[in-house]
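Visitor: Input target04.pdb, format and content: PDB, C-alpha atoms.
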MODEL        1
ATOM      1  CA  MET A   1     -38.629 -58.618  18.330
ATOM      2  CA  THR A   2     -41.324 -60.087  16.067
ATOM      3  CA  GLY A   3     -44.346 -58.130  14.898
ATOM      4  CA  GLN A   4     -46.503 -60.018  17.393
ATOM      5  CA  ASP A   5     -44.069 -59.220  20.199
ATOM      6  CA  ALA A   6     -44.077 -55.530  19.233
ATOM      7  CA  GLN A   7     -47.877 -55.530  19.177
ATOM      8  CA  ALA A   8     -47.968 -57.096  22.641
ATOM      9  CA  ALA A   9     -45.457 -54.580  23.976
ATOM     10  CA  ASN A  10     -47.325 -51.636  22.463
ATOM     11  CA  PRO A  11     -50.960 -52.161  21.424
ATOM     12  CA  PHE A  12     -50.698 -48.979  19.312
ATOM     13  CA  ALA A  13     -47.730 -50.216  17.246
ATOM     14  CA  ALA A  14     -49.881 -50.832  14.139
ATOM     15  CA  GLY A  15     -51.527 -47.443  14.529
ATOM     16  CA  CYS A  16     -53.298 -45.259  17.051
ATOM     17  CA  ALA A  17     -56.699 -43.584  16.687
ATOM     18  CA  TRP A  18     -58.471 -40.881  18.661
ATOM     19  CA  ILE A  19     -62.258 -41.040  18.903
ATOM     20  CA  ASP A  20     -64.569 -39.388  21.442
ATOM     21  CA  GLY A  21     -61.693 -38.273  23.633
ATOM     22  CA  GLN A  22     -60.055 -41.687  23.800
ATOM     23  CA  TYR A  23     -56.874 -43.095  22.239
ATOM     24  CA  LEU A  24     -57.232 -46.688  21.097
ATOM     25  CA  PRO A  25     -55.522 -49.166  18.742
ATOM     26  CA  VAL A  26     -56.443 -48.334  15.166
ATOM     27  CA  ALA A  27     -57.875 -51.823  14.586
ATOM     28  CA  GLU A  28     -60.401 -51.148  17.355
ATOM     29  CA  ALA A  29     -61.444 -47.711  16.088
ATOM     30  CA  ARG A  30     -65.131 -47.361  15.193
ATOM     31  CA  ILE A  31     -67.316 -44.532  13.948
ATOM     32  CA  PRO A  32     -71.118 -44.186  14.167
ATOM     33  CA  ILE A  33     -72.657 -45.689  11.047
ATOM     34  CA  LEU A  34     -74.959 -42.674  10.665
ATOM     35  CA  ASP A  35     -72.172 -40.093  10.756
ATOM     36  CA  THR A  36     -72.713 -37.802   7.763
ATOM     37  CA  GLY A  37     -69.007 -37.970   7.023
ATOM     38  CA  PHE A  38     -69.520 -41.657   6.253
ATOM     39  CA  VAL A  39     -72.964 -41.635   4.637
ATOM     40  CA  ARG A  40     -72.687 -38.303   2.741
ATOM     41  CA  SER A  41     -68.980 -37.437   2.653
ATOM     42  CA  ASP A  42     -69.951 -34.264   4.509
ATOM     43  CA  LEU A  43     -66.558 -33.465   5.983
ATOM     44  CA  SER A  44     -63.101 -32.150   5.460
ATOM     45  CA  TYR A  45     -59.848 -33.806   6.435
ATOM     46  CA  ASP A  46     -56.104 -33.483   6.131
ATOM     47  CA  VAL A  47     -53.081 -35.760   6.152
ATOM     48  CA  VAL A  48     -49.645 -34.885   7.471
ATOM     49  CA  ALA A  49     -46.514 -37.006   7.356
ATOM     50  CA  VAL A  50     -44.095 -37.916  10.109
ATOM     51  CA  TRP A  51     -40.631 -38.779   8.847
ATOM     52  CA  GLU A  52     -37.723 -39.849  11.039
ATOM     53  CA  GLY A  53     -39.791 -38.850  14.046
ATOM     54  CA  ARG A  54     -40.626 -35.338  12.805
ATOM     55  CA  PHE A  55     -43.913 -33.886  11.580
ATOM     56  CA  PHE A  56     -43.509 -32.080   8.256
ATOM     57  CA  ARG A  57     -45.338 -28.741   7.945
ATOM     58  CA  LEU A  58     -47.900 -29.740  10.571
ATOM     59  CA  ASP A  59     -49.279 -26.231  11.065
ATOM     60  CA  ASP A  60     -49.634 -25.697   7.303
ATOM     61  CA  HIS A  61     -51.751 -28.841   7.112
ATOM     62  CA  LEU A  62     -53.900 -27.733  10.037
ATOM     63  CA  ASP A  63     -54.309 -24.276   8.514
ATOM     64  CA  ARG A  64     -55.598 -25.921   5.338
ATOM     65  CA  LEU A  65     -57.947 -28.181   7.315
ATOM     66  CA  PHE A  66     -59.539 -25.265   9.104
ATOM     67  CA  ALA A  67     -59.723 -23.190   5.917
ATOM     68  CA  GLY A  68     -61.494 -26.083   4.212
ATOM     69  CA  CYS A  69     -63.973 -26.386   7.069
ATOM     70  CA  ARG A  70     -64.789 -22.693   6.750
ATOM     71  CA  ARG A  71     -65.416 -23.070   3.029
ATOM     72  CA  ILE A  72     -68.065 -25.738   3.633
ATOM     73  CA  ARG A  73     -69.514 -23.937   6.684
ATOM     74  CA  LEU A  74     -68.335 -26.606   9.096
ATOM     75  CA  THR A  75     -67.136 -25.494  12.529
ATOM     76  CA  PRO A  76     -64.763 -27.967  14.214
ATOM     77  CA  PRO A  77     -65.725 -28.721  17.823
ATOM     78  CA  LEU A  78     -62.070 -28.457  18.859
ATOM     79  CA  THR A  79     -59.527 -25.710  18.370
ATOM     80  CA  GLN A  80     -56.622 -26.008  15.975
ATOM     81  CA  ALA A  81     -54.253 -26.278  18.935
ATOM     82  CA  GLU A  82     -56.324 -29.110  20.439
ATOM     83  CA  ILE A  83     -56.352 -31.105  17.191
ATOM     84  CA  ARG A  84     -52.618 -30.496  16.872
ATOM     85  CA  GLU A  85     -52.031 -32.064  20.275
ATOM     86  CA  ILE A  86     -54.283 -35.005  19.436
ATOM     87  CA  LEU A  87     -52.285 -35.748  16.278
ATOM     88  CA  ILE A  88     -49.037 -35.568  18.212
ATOM     89  CA  GLY A  89     -50.580 -37.867  20.809
ATOM     90  CA  THR A  90     -51.495 -40.525  18.242
ATOM     91  CA  VAL A  91     -47.937 -40.590  16.909
ATOM     92  CA  ARG A  92     -46.325 -40.582  20.351
ATOM     93  CA  ARG A  93     -48.421 -43.516  21.510
ATOM     94  CA  SER A  94     -47.863 -45.497  18.312
ATOM     95  CA  GLY A  95     -44.109 -45.056  18.430
ATOM     96  CA  LEU A  96     -44.117 -44.752  14.628
ATOM     97  CA  ARG A  97     -41.126 -42.835  13.253
ATOM     98  CA  GLU A  98     -42.587 -42.788   9.730
ATOM     99  CA  ALA A  99     -46.309 -42.214   9.844
ATOM    100  CA  TYR A 100     -49.358 -41.147   7.853
ATOM    101  CA  VAL A 101     -51.427 -39.010  10.214
ATOM    102  CA  GLU A 102     -54.982 -37.947   9.471
ATOM    103  CA  ALA A 103     -57.470 -35.587  11.098
ATOM    104  CA  ILE A 104     -61.115 -35.660   9.998
ATOM    105  CA  VAL A 105     -63.897 -33.216  10.863
ATOM    106  CA  THR A 106     -67.405 -34.426   9.983
ATOM    107  CA  ARG A 107     -70.744 -32.667  10.120
ATOM    108  CA  GLY A 108     -71.792 -35.191  12.765
ATOM    109  CA  VAL A 109     -74.582 -37.646  13.496
ATOM    110  CA  PRO A 110     -78.139 -36.439  12.854
ATOM    111  CA  GLU A 111     -81.032 -37.064  15.147
ATOM    112  CA  PRO A 112     -83.668 -39.371  13.631
ATOM    113  CA  GLY A 113     -85.192 -37.791  10.549
ATOM    114  CA  VAL A 114     -83.043 -34.644  10.653
ATOM    115  CA  ARG A 115     -81.620 -33.576   7.285
ATOM    116  CA  ASP A 116     -80.822 -29.942   8.103
ATOM    117  CA  PRO A 117     -76.995 -29.691   8.293
ATOM    118  CA  ARG A 118     -77.260 -26.676  10.593
ATOM    119  CA  ARG A 119     -78.686 -28.867  13.348
ATOM    120  CA  LEU A 120     -75.814 -31.312  13.553
ATOM    121  CA  THR A 121     -72.916 -31.284  16.000
ATOM    122  CA  PRO A 122     -69.563 -31.766  14.228
ATOM    123  CA  ARG A 123     -67.187 -34.516  15.283
ATOM    124  CA  VAL A 124     -63.417 -35.033  15.097
ATOM    125  CA  TYR A 125     -61.549 -38.248  14.380
ATOM    126  CA  ALA A 126     -57.803 -38.775  14.106
ATOM    127  CA  TYR A 127     -55.338 -41.572  13.558
ATOM    128  CA  ALA A 128     -51.692 -42.381  12.847
ATOM    129  CA  ILE A 129     -50.685 -45.438  10.821
ATOM    130  CA  PRO A 130     -47.434 -46.505   9.130
ATOM    131  CA  TYR A 131     -46.401 -44.188   6.301
ATOM    132  CA  VAL A 132     -48.260 -44.664   3.007
ATOM    133  CA  TRP A 133     -46.598 -44.589  -0.453
ATOM    134  CA  ILE A 134     -48.682 -43.893  -3.567
ATOM    135  CA  VAL A 135     -45.617 -44.940  -5.566
ATOM    136  CA  PRO A 136     -43.387 -47.326  -3.563
ATOM    137  CA  SER A 137     -40.056 -45.785  -2.612
ATOM    138  CA  GLU A 138     -38.063 -48.535  -4.329
ATOM    139  CA  GLN A 139     -39.895 -47.861  -7.606
ATOM    140  CA  GLN A 140     -39.480 -44.092  -7.625
ATOM    141  CA  PRO A 141     -35.899 -44.097  -9.035
ATOM    142  CA  ARG A 142     -37.304 -45.999 -12.056
ATOM    143  CA  GLY A 143     -40.437 -43.892 -12.377
ATOM    144  CA  THR A 144     -44.065 -44.904 -12.536
ATOM    145  CA  ASP A 145     -46.513 -45.367 -15.409
ATOM    146  CA  VAL A 146     -49.525 -43.079 -15.811
ATOM    147  CA  VAL A 147     -52.285 -42.412 -18.306
ATOM    148  CA  ILE A 148     -54.465 -39.418 -19.048
ATOM    149  CA  THR A 149     -57.990 -40.733 -18.670
ATOM    150  CA  ARG A 150     -60.197 -40.799 -21.745
ATOM    151  CA  GLY A 151     -63.505 -41.915 -20.287
ATOM    152  CA  THR A 152     -63.305 -40.165 -16.918
ATOM    153  CA  ARG A 153     -63.378 -36.453 -16.133
ATOM    154  CA  ARG A 154     -62.730 -34.748 -12.807
ATOM    155  CA  ILE A 155     -65.754 -33.575 -10.842
ATOM    156  CA  PRO A 156     -66.083 -29.861 -11.722
ATOM    157  CA  PRO A 157     -65.076 -27.423  -8.971
ATOM    158  CA  THR A 158     -68.484 -25.770  -9.216
ATOM    159  CA  ALA A 159     -69.921 -29.037  -7.887
ATOM    160  CA  VAL A 160     -67.294 -30.150  -5.355
ATOM    161  CA  ASP A 161     -64.619 -27.682  -4.259
ATOM    162  CA  PRO A 162     -61.285 -29.479  -4.768
ATOM    163  CA  THR A 163     -59.460 -27.052  -2.483
ATOM    164  CA  VAL A 164     -61.398 -28.643   0.394
ATOM    165  CA  LYS A 165     -59.884 -32.058   0.988
ATOM    166  CA  ASN A 166     -62.742 -34.544   0.704
ATOM    167  CA  PHE A 167     -63.747 -38.163   0.209
ATOM    168  CA  HIS A 168     -65.597 -37.645  -3.105
ATOM    169  CA  TRP A 169     -63.541 -40.270  -4.939
ATOM    170  CA  GLY A 170     -66.059 -41.620  -7.443
ATOM    171  CA  ASP A 171     -64.262 -40.043 -10.402
ATOM    172  CA  LEU A 172     -60.800 -40.828  -9.014
ATOM    173  CA  THR A 173     -61.624 -44.491  -8.413
ATOM    174  CA  ARG A 174     -63.123 -44.755 -11.882
ATOM    175  CA  GLY A 175     -59.877 -43.256 -13.194
ATOM    176  CA  LEU A 176     -57.835 -45.853 -11.315
ATOM    177  CA  PHE A 177     -59.725 -48.685 -12.976
ATOM    178  CA  GLU A 178     -59.169 -47.065 -16.355
ATOM    179  CA  ALA A 179     -55.442 -46.856 -15.633
ATOM    180  CA  TYR A 180     -55.313 -50.525 -14.634
ATOM    181  CA  ASP A 181     -57.221 -51.539 -17.763
ATOM    182  CA  ARG A 182     -54.654 -49.648 -19.858
ATOM    183  CA  GLY A 183     -51.632 -51.222 -18.149
ATOM    184  CA  ALA A 184     -50.670 -48.241 -15.989
ATOM    185  CA  ALA A 185     -50.431 -47.665 -12.259
ATOM    186  CA  LEU A 186     -52.073 -44.247 -11.931
ATOM    187  CA  PRO A 187     -54.441 -41.905 -13.795
ATOM    188  CA  ILE A 188     -54.272 -38.178 -14.408
ATOM    189  CA  LEU A 189     -57.746 -36.717 -14.848
ATOM    190  CA  PRO A 190     -58.600 -33.829 -17.167
ATOM    191  CA  GLY A 191     -61.619 -31.641 -16.542
ATOM    192  CA  GLU A 192     -64.513 -31.228 -18.950
ATOM    193  CA  ASP A 193     -62.565 -28.362 -20.558
ATOM    194  CA  GLY A 194     -59.661 -30.655 -21.427
ATOM    195  CA  LEU A 195     -57.337 -29.053 -18.904
ATOM    196  CA  ILE A 196     -55.311 -31.288 -16.612
ATOM    197  CA  THR A 197     -56.431 -31.310 -12.977
ATOM    198  CA  GLU A 198     -54.979 -33.963 -10.653
ATOM    199  CA  GLY A 199     -55.011 -37.659  -9.849
ATOM    200  CA  PRO A 200     -56.139 -39.781  -6.900
ATOM    201  CA  GLY A 201     -54.293 -38.174  -4.019
ATOM    202  CA  PHE A 202     -51.671 -36.240  -5.979
ATOM    203  CA  ASN A 203     -50.885 -33.063  -7.913
ATOM    204  CA  VAL A 204     -49.157 -33.017 -11.304
ATOM    205  CA  PHE A 205     -46.034 -31.172 -12.505
ATOM    206  CA  ALA A 206     -44.623 -31.074 -16.057
ATOM    207  CA  LEU A 207     -41.325 -29.608 -17.239
ATOM    208  CA  ILE A 208     -42.148 -28.088 -20.637
ATOM    209  CA  ASP A 209     -39.765 -25.830 -22.566
ATOM    210  CA  GLY A 210     -37.721 -25.217 -19.422
ATOM    211  CA  VAL A 211     -40.717 -24.129 -17.324
ATOM    212  CA  LEU A 212     -42.156 -26.218 -14.487
ATOM    213  CA  ARG A 213     -45.913 -26.126 -15.013
ATOM    214  CA  THR A 214     -48.704 -27.261 -12.709
ATOM    215  CA  PRO A 215     -52.486 -26.828 -12.885
ATOM    216  CA  GLY A 216     -53.806 -23.802 -11.073
ATOM    217  CA  HIS A 217     -57.525 -24.576 -11.028
ATOM    218  CA  GLY A 218     -59.677 -27.578 -10.189
ATOM    219  CA  VAL A 219     -57.077 -29.057  -7.851
ATOM    220  CA  LEU A 220     -56.236 -29.469  -4.199
ATOM    221  CA  GLU A 221     -53.607 -26.922  -3.245
ATOM    222  CA  GLY A 222     -51.248 -29.572  -1.933
ATOM    223  CA  ILE A 223     -48.683 -28.905   0.764
ATOM    224  CA  THR A 224     -46.154 -31.014  -1.154
ATOM    225  CA  ARG A 225     -47.108 -29.017  -4.278
ATOM    226  CA  ARG A 226     -46.415 -25.802  -2.355
ATOM    227  CA  THR A 227     -43.071 -27.158  -1.159
ATOM    228  CA  VAL A 228     -42.028 -28.065  -4.716
ATOM    229  CA  ILE A 229     -42.940 -24.596  -5.964
ATOM    230  CA  GLU A 230     -40.827 -23.097  -3.182
ATOM    231  CA  ILE A 231     -37.866 -25.374  -3.949
ATOM    232  CA  ALA A 232     -38.047 -24.552  -7.661
ATOM    233  CA  GLY A 233     -38.168 -20.841  -6.894
ATOM    234  CA  GLN A 234     -35.108 -21.083  -4.666
ATOM    235  CA  ASP A 235     -33.260 -22.863  -7.496
ATOM    236  CA  GLY A 236     -34.261 -20.227 -10.062
ATOM    237  CA  LEU A 237     -36.413 -22.655 -12.039
ATOM    238  CA  PRO A 238     -39.378 -20.841 -13.658
ATOM    239  CA  VAL A 239     -42.749 -22.075 -12.401
ATOM    240  CA  ALA A 240     -46.110 -21.474 -14.069
ATOM    241  CA  VAL A 241     -49.278 -22.168 -12.090
ATOM    242  CA  GLY A 242     -52.249 -22.036 -14.423
ATOM    243  CA  ASP A 243     -53.996 -23.796 -17.284
ATOM    244  CA  LEU A 244     -52.298 -26.981 -18.457
ATOM    245  CA  PRO A 245     -53.921 -28.537 -21.548
ATOM    246  CA  ALA A 246     -53.764 -32.321 -21.654
ATOM    247  CA  ASP A 247     -51.978 -32.266 -25.024
ATOM    248  CA  ASP A 248     -49.093 -30.286 -23.466
ATOM    249  CA  LEU A 249     -48.156 -33.207 -21.223
ATOM    250  CA  TYR A 250     -47.018 -35.164 -24.269
ATOM    251  CA  ARG A 251     -44.356 -32.492 -24.881
ATOM    252  CA  ALA A 252     -42.990 -32.672 -21.351
ATOM    253  CA  ALA A 253     -39.306 -33.407 -20.860
ATOM    254  CA  GLU A 254     -40.120 -34.509 -17.325
ATOM    255  CA  LEU A 255     -43.305 -35.338 -15.482
ATOM    256  CA  PHE A 256     -43.794 -35.994 -11.794
ATOM    257  CA  LEU A 257     -46.515 -36.306  -9.167
ATOM    258  CA  THR A 258     -46.566 -34.853  -5.659
ATOM    259  CA  SER A 259     -48.303 -35.934  -2.474
ATOM    260  CA  THR A 260     -47.789 -36.175   1.265
ATOM    261  CA  ALA A 261     -48.147 -39.919   0.622
ATOM    262  CA  GLY A 262     -44.964 -40.441  -1.369
ATOM    263  CA  GLY A 263     -43.399 -37.014  -1.833
ATOM    264  CA  VAL A 264     -42.085 -36.266  -5.340
ATOM    265  CA  MET A 265     -42.824 -39.223  -7.643
ATOM    266  CA  PRO A 266     -41.239 -39.211 -11.129
ATOM    267  CA  VAL A 267     -43.176 -40.567 -14.117
ATOM    268  CA  ALA A 268     -41.496 -42.878 -16.643
ATOM    269  CA  THR A 269     -44.290 -43.333 -19.180
ATOM    270  CA  LEU A 270     -47.421 -41.451 -20.196
ATOM    271  CA  ASP A 271     -50.084 -43.393 -22.114
ATOM    272  CA  GLY A 272     -47.506 -46.115 -22.726
ATOM    273  CA  GLN A 273     -44.919 -43.760 -24.242
ATOM    274  CA  PRO A 274     -41.686 -42.681 -22.518
ATOM    275  CA  VAL A 275     -41.529 -39.263 -20.910
ATOM    276  CA  GLY A 276     -38.185 -37.840 -22.028
ATOM    277  CA  ASP A 277     -35.882 -40.840 -22.219
ATOM    278  CA  GLY A 278     -38.215 -42.926 -20.078
ATOM    279  CA  ARG A 279     -36.253 -42.403 -16.870
ATOM    280  CA  PRO A 280     -36.751 -39.895 -14.037
ATOM    281  CA  GLY A 281     -35.165 -36.615 -15.121
ATOM    282  CA  PRO A 282     -32.566 -34.532 -13.267
ATOM    283  CA  VAL A 283     -34.990 -31.782 -12.285
ATOM    284  CA  ALA A 284     -37.460 -34.206 -10.689
ATOM    285  CA  MET A 285     -34.725 -36.114  -8.878
ATOM    286  CA  LYS A 286     -33.079 -32.950  -7.563
ATOM    287  CA  ILE A 287     -36.395 -31.610  -6.279
ATOM    288  CA  ARG A 288     -37.168 -35.026  -4.795
ATOM    289  CA  ASP A 289     -33.883 -35.037  -2.882
ATOM    290  CA  ARG A 290     -34.399 -31.481  -1.647
ATOM    291  CA  TYR A 291     -37.934 -32.299  -0.554
ATOM    292  CA  TRP A 292     -36.791 -35.122   1.720
ATOM    293  CA  GLU A 293     -33.889 -33.049   3.042
ATOM    294  CA  LEU A 294     -36.433 -30.513   4.282
ATOM    295  CA  HIS A 295     -37.962 -33.225   6.470
ATOM    296  CA  ARG A 296     -34.936 -32.795   8.735
ATOM    297  CA  ASP A 297     -35.068 -28.983   8.703
ATOM    298  CA  PRO A 298     -36.374 -27.530  11.997
ATOM    299  CA  ARG A 299     -37.915 -24.621  10.068
ATOM    300  CA  TYR A 300     -40.389 -27.057   8.521
ATOM    301  CA  THR A 301     -40.619 -29.800  11.111
ATOM    302  CA  LEU A 302     -41.706 -30.617  14.642
ATOM    303  CA  GLU A 303     -39.864 -33.335  16.506
ATOM    304  CA  VAL A 304     -42.101 -35.809  18.328
ATOM    305  CA  ASP A 305     -41.348 -36.483  21.971
ATOM    306  CA  TYR A 306     -41.737 -40.253  22.237
ATOM    307  CA  GLY A 307     -41.341 -40.236  26.002
ATOM    308  CA  GLU A 308     -43.934 -41.725  28.286
ATOM    309  CA  ALA A 309     -47.416 -40.984  26.950
ATOM    310  CA  GLY A 310     -49.565 -38.702  29.018
TER     311      GLY A 310
ENDMDL
END
Just give me the structure as structure tokens.

Guide:
Amino acid sequence: MTGQDAQAANPFAAGCAWIDGQYLPVAEARIPILDTGFVRSDLSYDVVAVWEGRFFRLDDHLDRLFAGCRRIRLTPPLTQAEIREILIGTVRRSGLREAYVEAIVTRGVPEPGVRDPRRLTPRVYAYAIPYVWIVPSEQQPRGTDVVITRGTRRIPPTAVDPTVKNFHWGDLTRGLFEAYDRGAALPILPGEDGLITEGPGFNVFALIDGVLRTPGHGVLEGITRRTVIEIAGQDGLPVAVGDLPADDLYRAAELFLTSTAGGVMPVATLDGQPVGDGRPGPVAMKIRDRYWELHRDPRYTLEVDYGEAG
């Protein structure tokens, strides 16, 4: 069956969205232009993966979404259980076995002239699209190339709380352009204090002197990050969550990135120089394998019923 045939057989095959109580093909999804999520990034959101027809840590993602909403004094108009069912519904209708599934809660659409956020009615949007890779899967066994940005610093957490997943990507996008200009694929951003934070859509891990280190402040507390910390603990690998000076990354034997969009992504070069021997190291590759194995573990996953949509 060709892509056009699949699209004709299932109009949701390229993705399914949920807006205003209705499921519709993702290409037809629209939001109000005055929604404060769009015009002011006044929202929180979360992304969960579906792999081989199973959601991975769905409830952990929803817990984080609702915790983030509380931190910015945003009350979702639907319950956690209702949003959970909507996300499952988008995947079931799409038929996608590997999917990138997002739920967004915005402050809402103001009445004309209203700027008081307390007077808005929050809105929910959701969609499922084919799985997204920050680092393509075929490249991961070779590793990717990153730089520590020199002219870009991460927005300080006293300004924008990084533990609340958000669309404030001005610094991250600026970092991406710096990486491209320096011949790399991805940037790692330090804060104003010179401590490593994160990159666009991913957390950072470094194996230094036998200890797996990851920043503890100024970062999103990623679900993939949490999973890696758990895997390392089960394997008896020491983990340190705390300050990580930028200069320490140059001493790393291994370096890797983590995200729902791509899993565990080894780094080959940092600022144009090889990390270790310039190939993904054994610790990163072992954790990467374990991470994907967990996507089949019923303790961490929810199987999607792709039967007839309700």

Visitor: Evaluate the PyMOL selection byres ((chain A and resi 172-188) around 10) and record the selected residues as a PyMOL selection string, following the chain and residue labels used in the document.

Guide: chain A and resi 134-135+144-155+168-171+189-190+196-204+246+257+267+269-272

Visitor: Go through the shown structure with the PyMOL selection byres ((chain A and resi 101) around 9) and write out the matching residues as a list of chain:residue names.

Guide: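 Against this file, the PyMOL selection byres ((chain A and resi 101) around 9) returns the residues A:Asp46, A:Val47, A:Val48, A:Ala49, A:Val50, A:Leu87, A:Thr90, A:Val91, A:Ala99, A:Tyr100, A:Glu102, A:Ala103, A:Ala126, A:Tyr127, A:Ala128, A:Ile129, A:Pro130, A:Tyr131.
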
Visitor: So what does the PyMOL selection byres ((chain A and resi 36) around 7) actually pick up in this one, as a count of residues only?

Guide: 12

Visitor: Contacts between stretch 212-217 of chain A and stretch 123-185 of chain A, please, where a residue of stretch 123-185 of chain A counts if it comes within 10 Å (with all atoms listed in the file); show its shortest atom pair and distance in Å to one decimal, rows by chain and ascending number, as a tab-separated table.

Guide:
residue	atom	partner	partner_atom	distance
A:Pro157	CA	A:His217	CA	8.3
A:Pro162	CA	A:His217	CA	8.8
A:Thr163	CA	A:His217	CA	9.1

Visitor: Kindly extract all protein, DNA and RNA residues lying within 12 Å of the coordinates (-37.6, -28.0, 10.8) given in the file, considering only C-alpha atoms, and supply them as a ChimeraX atom specification.

Guide: /A:50-59,292-304

Visitor: Using C-alpha atoms, can you export the residues from the last selection as a compact mmCIF listing (two decimals), keeping the file's coordinate frame?

Guide:
# COMPACT_ATOMS: atom_id res chain seq x y z
CA VAL A 50 -44.10 -37.92 10.11
CA TRP A 51 -40.63 -38.78 8.85
CA GLU A 52 -37.72 -39.85 11.04
CA GLY A 53 -39.79 -38.85 14.05
CA ARG A 54 -40.63 -35.34 12.80
CA PHE A 55 -43.91 -33.89 11.58
CA PHE A 56 -43.51 -32.08 8.26
CA ARG A 57 -45.34 -28.74 7.94
CA LEU A 58 -47.90 -29.74 10.57
CA ASP A 59 -49.28 -26.23 11.06
CA TRP A 292 -36.79 -35.12 1.72
CA GLU A 293 -33.89 -33.05 3.04
CA LEU A 294 -36.43 -30.51 4.28
CA HIS A 295 -37.96 -33.22 6.47
CA ARG A 296 -34.94 -32.80 8.74
CA ASP A 297 -35.07 -28.98 8.70
CA PRO A 298 -36.37 -27.53 12.00
CA ARG A 299 -37.92 -24.62 10.07
CA TYR A 300 -40.39 -27.06 8.52
CA THR A 301 -40.62 -29.80 11.11
CA LEU A 302 -41.71 -30.62 14.64
CA GLU A 303 -39.86 -33.34 16.51
CA VAL A 304 -42.10 -35.81 18.33
